[in-house]
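Here is entry.txt, consisting of compact mmCIF, C-alpha atoms:
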```txt
# COMPACT_ATOMS: atom_id res chain seq x y z
CA MET A 1 213.84 16.80 112.69
CA TYR A 2 212.59 15.59 116.07
CA SER A 3 209.59 13.26 115.99
CA THR A 4 208.21 13.87 119.50
CA CYS A 5 206.65 16.98 121.05
CA LEU A 6 209.15 19.26 122.82
CA PHE A 7 206.56 19.97 125.51
CA CYS A 8 204.81 16.67 126.35
CA ASN A 9 207.26 14.23 124.70
CA ARG A 10 204.43 12.41 122.86
CA SER A 11 204.76 11.37 119.22
CA LEU A 12 203.89 14.05 116.67
CA GLY A 13 202.75 11.38 114.20
CA ARG A 14 203.56 11.21 110.51
CA ASN A 15 201.95 12.37 107.27
CA GLU A 16 202.17 11.19 103.67
CA ALA A 17 201.13 14.48 102.09
CA VAL A 18 204.18 16.73 102.61
CA GLU A 19 207.12 14.97 101.00
CA HIS A 20 209.74 17.35 102.40
CA PHE A 21 208.39 17.18 105.93
CA PRO A 22 206.68 13.87 106.82
CA VAL A 23 206.55 14.58 110.59
CA GLY A 24 203.25 15.71 112.16
CA ARG A 25 199.55 15.31 111.42
CA ARG A 26 198.90 19.06 111.75
CA LEU A 27 201.41 21.49 110.26
CA ALA A 28 201.24 25.27 110.64
CA PHE A 29 203.18 27.57 108.35
CA ASP A 30 203.75 31.27 107.71
CA ALA A 31 205.30 31.68 104.25
CA ALA A 32 205.95 35.42 104.67
CA LYS A 33 208.06 34.95 107.80
CA GLY A 34 209.45 31.53 106.92
CA ARG A 35 207.98 29.72 109.92
CA LEU A 36 206.94 26.07 110.09
CA TRP A 37 205.52 24.34 113.14
CA ALA A 38 204.45 20.76 113.89
CA VAL A 39 201.38 21.03 116.15
CA CYS A 40 201.09 18.31 118.79
CA ALA A 41 197.75 16.46 118.65
CA ARG A 42 197.94 15.67 122.39
CA CYS A 43 198.85 18.94 124.11
CA GLY A 44 198.17 21.37 121.23
CA ARG A 45 201.58 23.07 121.54
CA TRP A 46 203.38 24.39 118.47
CA ASN A 47 206.84 22.89 117.86
CA LEU A 48 209.04 25.22 115.80
CA THR A 49 211.03 23.29 113.20
CA PRO A 50 214.77 23.76 112.50
CA LEU A 51 215.62 26.48 109.98
CA ASP A 52 217.39 24.15 107.56
CA GLU A 53 214.35 21.89 107.16
CA ARG A 54 211.66 24.49 106.45
CA TRP A 55 211.89 26.14 103.09
CA GLU A 56 210.92 23.44 100.61
CA ALA A 57 208.33 22.11 103.07
CA ILE A 58 206.74 25.57 103.42
CA GLU A 59 206.46 25.91 99.63
CA GLU A 60 204.90 22.44 99.43
CA CYS A 61 202.43 23.23 102.25
CA GLU A 62 201.37 26.41 100.46
CA ARG A 63 200.72 24.56 97.21
CA LEU A 64 198.73 21.84 98.97
CA PHE A 65 196.70 24.42 100.88
CA GLU A 66 195.75 26.33 97.73
CA ARG A 67 194.71 23.13 95.94
CA SER A 68 192.66 21.74 98.82
CA ALA A 69 188.90 21.57 98.23
CA SER A 70 188.18 21.26 101.96
CA ARG A 71 189.34 24.46 103.62
CA VAL A 72 188.14 27.56 105.38
CA SER A 73 189.82 30.93 105.83
CA THR A 74 189.42 34.06 107.93
CA GLY A 75 191.39 37.28 107.55
CA THR A 76 194.59 35.90 109.09
CA MET A 77 194.17 32.12 109.42
CA GLY A 78 193.29 29.25 107.17
CA LEU A 79 192.68 25.56 107.84
CA ALA A 80 192.75 22.82 105.19
CA ARG A 81 192.22 19.08 105.50
CA LEU A 82 194.04 16.93 102.96
CA ALA A 83 193.00 13.56 101.57
CA ASP A 84 195.21 11.57 103.97
CA GLY A 85 193.83 13.41 107.01
CA THR A 86 196.77 15.81 107.39
CA GLU A 87 195.71 19.31 108.47
CA LEU A 88 197.46 22.47 107.29
CA VAL A 89 197.18 25.73 109.21
CA CYS A 90 198.09 28.72 107.04
CA VAL A 91 199.11 31.86 108.93
CA GLY A 92 199.20 35.34 107.41
CA GLU A 93 196.98 37.97 105.87
CA ARG A 94 194.52 36.27 103.54
CA THR A 95 191.41 37.18 101.63
CA ALA A 96 188.57 35.18 103.15
CA ARG A 97 186.62 33.44 100.42
CA PRO A 98 183.85 30.85 100.50
CA GLU A 99 185.94 27.77 99.77
CA LEU A 100 183.28 25.21 99.06
CA ALA A 101 183.70 21.53 99.75
CA ALA A 102 180.86 20.83 97.32
CA TRP A 103 183.18 18.92 95.01
CA ARG A 104 183.88 16.51 97.87
CA TYR A 105 180.13 16.09 98.46
CA GLY A 106 179.68 15.75 94.72
CA ARG A 107 181.95 12.72 94.55
CA HIS A 108 180.05 11.29 97.51
CA PHE A 109 176.68 11.71 95.73
CA ILE A 110 177.95 10.02 92.56
CA SER A 111 179.35 7.16 94.64
CA ARG A 112 175.99 6.79 96.42
CA ARG A 113 174.21 6.42 93.08
CA ARG A 114 176.62 3.76 91.82
CA GLN A 115 176.25 1.73 95.01
CA THR A 116 172.46 2.03 94.94
CA THR A 117 172.25 0.96 91.29
CA ALA A 118 174.57 -1.99 91.88
CA ALA A 119 172.42 -3.20 94.77
CA ALA A 120 169.02 -2.79 93.09
CA VAL A 121 168.70 -6.05 91.13
CA PRO A 122 169.90 -8.59 93.75
CA LEU A 123 167.86 -6.97 96.55
CA ALA A 124 164.70 -6.88 94.47
CA THR A 125 165.17 -10.58 93.69
CA VAL A 126 165.66 -11.45 97.38
CA ALA A 127 162.54 -9.46 98.30
CA LEU A 128 160.45 -11.36 95.76
CA VAL A 129 161.70 -14.68 97.09
CA GLY A 130 160.91 -13.53 100.65
CA LEU A 131 157.31 -12.81 99.74
CA THR A 132 156.80 -16.40 98.59
CA ALA A 133 158.97 -18.06 101.23
CA ALA A 134 158.30 -21.71 101.94
CA GLY A 135 157.40 -20.91 105.55
CA GLY A 136 153.86 -20.05 104.52
CA PRO A 137 152.08 -16.89 103.33
CA VAL A 138 152.11 -15.14 106.73
CA MET A 139 155.79 -15.82 107.43
CA GLY A 140 156.59 -15.00 103.83
CA PHE A 141 154.88 -11.62 104.14
CA VAL A 142 156.55 -10.75 107.46
CA ALA A 143 159.95 -11.74 106.15
CA GLY A 144 159.31 -9.87 102.94
CA VAL A 145 158.37 -6.50 104.43
CA SER A 146 161.90 -5.41 105.34
CA LEU A 147 163.27 -6.98 102.18
CA VAL A 148 160.82 -5.07 100.01
CA ALA A 149 161.77 -1.87 101.81
CA ALA A 150 165.44 -2.60 101.19
CA ALA A 151 164.76 -3.39 97.56
CA ALA A 152 162.73 -0.17 97.19
CA MET A 153 165.66 1.86 98.54
CA ALA A 154 168.06 0.01 96.26
CA ALA A 155 165.83 0.93 93.34
CA GLY A 156 165.90 4.61 94.35
CA THR A 157 162.52 4.84 96.11
CA LEU A 158 162.24 5.91 99.76
CA PRO A 159 159.96 3.40 101.60
CA SER A 160 157.05 5.12 103.34
CA THR A 161 156.74 2.83 106.38
CA VAL A 162 160.41 2.63 107.42
CA LYS A 163 161.99 5.01 109.93
CA VAL A 164 164.62 6.86 107.93
CA ALA A 165 165.45 10.03 109.93
CA ALA A 166 165.22 11.69 113.32
CA LEU A 167 164.35 15.33 113.88
CA GLU A 168 164.76 17.61 116.88
CA ALA A 169 161.86 20.03 117.29
CA PRO A 170 162.40 23.67 118.35
CA ASP A 171 161.31 22.67 121.89
CA GLY A 172 164.10 20.06 122.06
CA SER A 173 161.92 16.96 121.68
CA GLU A 174 163.12 14.12 119.42
CA HIS A 175 160.91 12.77 116.63
CA PRO A 176 161.74 9.66 114.57
CA LEU A 177 160.36 10.06 111.05
CA ARG A 178 159.14 7.47 108.59
CA GLY A 179 159.65 7.84 104.88
CA SER A 180 156.11 9.17 104.37
CA ALA A 181 156.76 12.09 106.76
CA VAL A 182 160.04 12.97 105.06
CA LYS A 183 158.50 12.82 101.59
CA GLY A 184 155.53 14.93 102.75
CA ALA A 185 157.63 17.71 104.32
CA ARG A 186 156.85 21.10 102.78
CA LEU A 187 159.08 24.09 102.16
CA ARG A 188 157.90 27.71 101.92
CA ALA A 189 159.85 30.83 100.98
CA ARG A 190 159.37 33.72 103.42
CA GLU A 191 161.32 36.98 103.00
CA ALA A 192 164.74 35.63 102.02
CA THR A 193 164.45 32.64 104.35
CA TRP A 194 162.70 29.28 104.43
CA GLU A 195 159.98 27.73 106.55
CA LEU A 196 159.82 23.95 106.81
CA GLU A 197 156.71 22.03 107.82
CA VAL A 198 156.86 18.34 108.79
CA GLN A 199 153.91 16.24 109.96
CA THR A 200 154.79 13.44 112.37
CA GLY A 201 151.77 11.49 113.55
CA ARG A 202 149.15 14.03 114.66
CA ARG A 203 151.68 16.76 115.32
CA VAL A 204 152.93 19.31 112.79
CA LEU A 205 156.48 20.58 113.36
CA ARG A 206 157.39 23.98 111.97
CA PHE A 207 160.90 25.35 111.53
CA ALA A 208 162.11 28.76 110.34
CA GLY A 209 165.47 30.38 109.58
CA GLU A 210 168.43 28.55 111.09
CA ASP A 211 166.12 25.91 112.62
CA ALA A 212 164.87 25.12 109.11
CA ARG A 213 168.43 24.83 107.82
CA ARG A 214 169.34 22.35 110.56
CA ALA A 215 166.17 20.35 109.96
CA LEU A 216 166.89 20.18 106.23
CA GLY A 217 170.35 18.86 107.08
CA ALA A 218 168.64 15.94 108.86
CA LEU A 219 165.94 15.23 106.25
CA LEU A 220 167.74 15.64 102.94
CA PRO A 221 170.22 12.75 103.34
CA ALA A 222 167.20 10.42 103.57
CA LEU A 223 165.66 11.86 100.39
CA ASN A 224 169.02 11.93 98.60
CA PHE A 225 170.14 8.46 99.68
CA ALA A 226 170.35 7.36 96.04
CA GLY A 227 172.79 10.16 95.17
CA GLY A 228 172.72 11.73 91.74
CA ARG A 229 174.08 11.60 88.21
CA GLU A 230 177.23 13.55 87.41
CA ALA A 231 175.24 16.16 85.46
CA GLU A 232 172.85 16.66 88.41
CA VAL A 233 175.72 17.04 90.86
CA THR A 234 177.44 19.54 88.56
CA SER A 235 174.23 21.54 88.29
CA ALA A 236 173.89 21.56 92.09
CA VAL A 237 177.45 22.81 92.56
CA GLN A 238 176.97 25.54 89.95
CA SER A 239 173.77 26.60 91.68
CA ILE A 240 175.62 27.08 94.99
CA GLU A 241 178.47 28.93 93.29
CA ARG A 242 175.98 31.23 91.53
CA ALA A 243 174.55 32.14 94.95
CA GLY A 244 178.03 33.11 96.18
CA GLY A 245 178.66 30.03 98.31
CA ALA A 246 176.97 27.73 100.80
CA THR A 247 176.40 30.53 103.31
CA ASP A 248 174.28 32.52 100.85
CA TYR A 249 172.58 29.69 98.99
CA PHE A 250 169.45 29.37 101.12
CA ALA A 251 168.82 33.13 101.21
CA ALA A 252 169.34 33.44 97.45
CA ALA A 253 167.10 30.47 96.69
CA ALA A 254 164.36 31.82 98.99
CA SER A 255 164.55 35.32 97.45
CA ASP A 256 164.26 34.04 93.87
CA PRO A 257 163.07 30.40 93.95
CA ALA A 258 162.22 30.18 90.26
CA SER A 259 165.76 30.94 89.08
CA TYR A 260 167.02 28.10 91.30
CA GLY A 261 164.61 25.55 89.85
CA ILE A 262 162.07 25.75 92.71
CA ARG A 263 158.51 26.12 91.44
CA GLY A 264 155.46 27.06 93.47
CA ALA A 265 157.47 27.96 96.59
CA ALA A 266 154.75 30.29 97.87
CA PHE A 267 152.34 27.33 98.03
CA GLY A 268 154.71 24.98 99.80
CA PRO A 269 156.19 22.39 97.45
CA ARG A 270 156.97 19.01 98.97
CA LEU A 271 160.68 18.31 99.43
CA ALA A 272 160.29 15.05 97.52
CA ALA A 273 158.80 16.94 94.55
CA LEU A 274 161.80 19.25 94.17
CA PRO A 275 164.18 18.51 91.29
CA ARG A 276 166.98 16.19 92.35
CA GLU A 277 169.69 18.79 91.66
CA VAL A 278 167.88 21.26 93.98
CA ARG A 279 167.74 18.69 96.80
CA LEU A 280 171.43 17.86 96.28
CA ALA A 281 172.37 21.55 96.40
CA MET A 282 170.38 22.05 99.60
CA GLU A 283 172.05 19.09 101.28
CA MET A 284 175.50 20.34 100.26
CA ALA A 285 174.74 23.83 101.55
CA ALA A 286 173.23 22.66 104.85
CA HIS A 287 176.17 20.42 105.73
CA GLU A 288 178.84 22.77 104.37
CA GLU A 289 177.59 25.65 106.52
CA ARG A 290 177.61 23.51 109.67
CA GLU A 291 181.14 22.31 108.93
CA ARG A 292 182.29 25.86 108.18
CA ARG A 293 181.03 27.18 111.50
CA ALA A 294 182.81 24.44 113.40
CA LEU A 295 186.04 25.17 111.52
CA GLU A 296 185.77 28.91 112.11
CA GLY A 297 185.45 28.28 115.84
CA GLU A 298 188.54 26.10 115.66
CA LEU A 299 190.41 28.83 113.77
CA ALA A 300 189.77 31.31 116.59
CA VAL A 301 191.47 28.92 119.02
CA LEU A 302 194.34 28.31 116.59
CA GLU A 303 194.91 32.04 116.18
CA ALA A 304 195.37 32.48 119.93
CA GLU A 305 197.81 29.56 120.00
CA TRP A 306 199.70 30.97 117.01
CA ARG A 307 200.24 34.35 118.65
CA ARG A 308 201.93 32.68 121.61
CA ALA A 309 204.01 30.43 119.35
CA GLU A 310 205.02 33.35 117.11
CA GLU A 311 206.53 35.27 120.02
CA ILE A 312 208.81 32.33 120.80
CA ALA A 313 209.58 31.70 117.10
CA ALA A 314 210.60 35.33 116.51
CA ILE A 315 213.06 35.17 119.41
CA ALA A 316 214.40 31.74 118.42
CA ASP A 317 214.94 32.59 114.74
CA ASP A 318 216.53 35.95 115.48
CA LEU A 319 219.16 34.29 117.66
CA PHE A 320 220.80 33.02 114.48
CA LEU A 321 220.80 36.37 112.67
CA PRO A 322 223.19 39.27 113.23
CA ALA A 323 221.69 42.72 113.64
CA SER A 324 222.95 43.81 110.19
CA VAL A 325 220.91 41.07 108.48
CA ARG A 326 217.76 41.97 110.44
CA ASP A 327 218.17 45.63 109.43
CA TRP A 328 218.64 44.61 105.79
CA MET A 329 215.48 42.49 105.86
CA ALA A 330 213.51 45.34 107.47
CA ARG A 331 214.62 47.69 104.67
CA LEU A 332 213.53 45.15 102.03
CA LYS A 333 210.09 44.82 103.61
CA ARG A 334 209.60 48.58 103.58
```

Let's see the structure in the file written out as C-alpha cells.
Amino acid sequence: MYSTCLFCNRSLGRNEAVEHFPVGRRLAFDAAKGRLWAVCARCGRWNLTPLDERWEAIEECERLFERSASRVSTGTMGLARLADGTELVCVGERTARPELAAWRYGRHFISRRRQTTAAAVPLATVALVGLTAAGGPVMGFVAGVSLVAAAAMAAGTLPSTVKVAALEAPDGSEHPLRGSAVKGARLRAREATWELEVQTGRRVLRFAGEDARRALGALLPALNFAGGREAEVTSAVQSIERAGGATDYFAAAASDPASYGIRGAAFGPRLAALPREVRLAMEMAAHEERERRALEGELAVLEAEWRRAEEIAAIADDLFLPASVRDWMARLKR
C-alpha cells in the first residue's frame, strides 16, 4: 500500500487502530461494495486502496465503527472517532440513531471527581498557612484569598468571588461571571423549552430555546467542575437515554420536569440547587448536541466528496472484472 497521497504527494499518516491497514488517519469504507479509501488530511482527496489489501481491513473498520461510542450517522454516511484519533467514515445506507457520547463524558466526570478529591487536603492546608503567613496579617490575607478559593474548589465548593465562566448575551456582548452569578442562575420550564436567567452586576441576562442551551453549555462546566460519583453519572446517562438522546433531552425535561428529578421548575430553581445527576445530564446533552451538529455538517461535505470518489472507484475496480463476473454479481444483488 502506498503511504503518500496520489494527488498531493503528502504523507497519509499512520494509525494504530486498524491492524490490517495501518496507513491513514481517516479511512472511508463501503462494506457493501468492497471499497476502502485513505482520505488525505491535507488535500481531502480520497485514495482508493488496492483490491488485495481491502477485505480484512474493511471488516475490521466495520467492527470498530459499530463499537465506537463517539459517532454520528445520517441516512447514508457515518463518522466515528476512535481512541487513538483515527476517524472512520462509513458509507452506505444506515439507520440514523442518536449515538450518544455520554459514556465518554461519564468517564471524564468520574476522572474530574477523583482529581478534585485528591487535591482537596493539600490545597486546604496551603490556604490555611497562607492566611497566617509570616509577612503580616494584611499580606497573609491577600495571599490567602486565591489559596482559599483554590482550596474551596478542591473541596467541591464553587467560590463566589472568583471569575469562573464567560457568557455571551443574545445581543453579542461578553460577560465574565463570578461564582455567585453562576450559582444564582435560574432555570424555568416554558412549553417544552427552557428559559435561563442570569444576573451579572446590575444587569439580568435572559436566554430562551437554543440560546438557553448554549448558555447552559457555558455555565454547567463551572458548576460541575468537581465531576460526579459513578452512580450519579450512570443516572445522568440513563436520564438522557430515557429522553431518546441528547437532542431530545432538554425538551423532555422541560415538558415533564418532575420525572427528570427537577422540582419547582415553574418557580425557577437555581442551577446550583438542582441534583448533581441532573446538572451532569444537562452538561452532557448541551455539549453532545453542539458536537453532533458540527459532525453532521462535516458529514454533508464528506458525502459530496464520496460521490466523486465513488465514480472513480467504480471505474477502477471494474477494470479488473470481466463482463461475465459483473453480470453474475448483478444477478446476486437482485

Atom-to-atom span, CA of Met1 (chain A) and CA of Glu298 (chain A), Å: 27.1 Å

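Residues in contact range of Cys43 (chain A), defined as at most 8 Å between all atoms listed in the file, with sequence neighbours fewer than 3 positions away removed, read Phe7, Cys8 and Cys40 of chain A.
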
Spatial neighbours of Trp194 (chain A), 7 Å, all atoms listed in the file, chain gap at least 4 places, as a PyMOL selection string: chain A and resi 187-190+208-209+212+254

Long-range neighbours of Met282 (chain A) as a PyMOL selection string, 12 Å cut-off, all atoms listed in the file, 2 positions minimum in chain: chain A and resi 102+105+187+194+212-221+223-224+233+235-237+239-240+243+245-254+260-262+271+274-280+284-289

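If you look at CA of Pro50 (chain A) and CA of Gly34 (chain A), they are 10.9 Å away from each other.
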
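Our summary of the geometry notes that CA of Lys33 (chain A) is positioned 16.4 Å from CA of Leu88 (chain A).
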
Sphere at (205.1, 17.3, 118.7), radius 10 Å, counting all atoms listed in the file: residues as a PyMOL selection string: chain A and resi 2-13+23-26+37-48

Let's have the selection written as a short mmCIF file (atom, residue, chain, number, x, y, z; two decimals), in the frame of the given file, with C-alpha atoms.
```cif
data_model
loop_
_atom_site.label_atom_id
_atom_site.label_comp_id
_atom_site.auth_asym_id
_atom_site.auth_seq_id
_atom_site.Cartn_x
_atom_site.Cartn_y
_atom_site.Cartn_z
CA TYR A 2 212.59 15.59 116.07
CA SER A 3 209.59 13.26 115.99
CA THR A 4 208.21 13.87 119.50
CA CYS A 5 206.65 16.98 121.05
CA LEU A 6 209.15 19.26 122.82
CA PHE A 7 206.56 19.97 125.51
CA CYS A 8 204.81 16.67 126.35
CA ASN A 9 207.26 14.23 124.70
CA ARG A 10 204.43 12.41 122.86
CA SER A 11 204.76 11.37 119.22
CA LEU A 12 203.89 14.05 116.67
CA GLY A 13 202.75 11.38 114.20
CA VAL A 23 206.55 14.58 110.59
CA GLY A 24 203.25 15.71 112.16
CA ARG A 25 199.55 15.31 111.42
CA ARG A 26 198.90 19.06 111.75
CA TRP A 37 205.52 24.34 113.14
CA ALA A 38 204.45 20.76 113.89
CA VAL A 39 201.38 21.03 116.15
CA CYS A 40 201.09 18.31 118.79
CA ALA A 41 197.75 16.46 118.65
CA ARG A 42 197.94 15.67 122.39
CA CYS A 43 198.85 18.94 124.11
CA GLY A 44 198.17 21.37 121.23
CA ARG A 45 201.58 23.07 121.54
CA TRP A 46 203.38 24.39 118.47
CA ASN A 47 206.84 22.89 117.86
CA LEU A 48 209.04 25.22 115.80
#
```
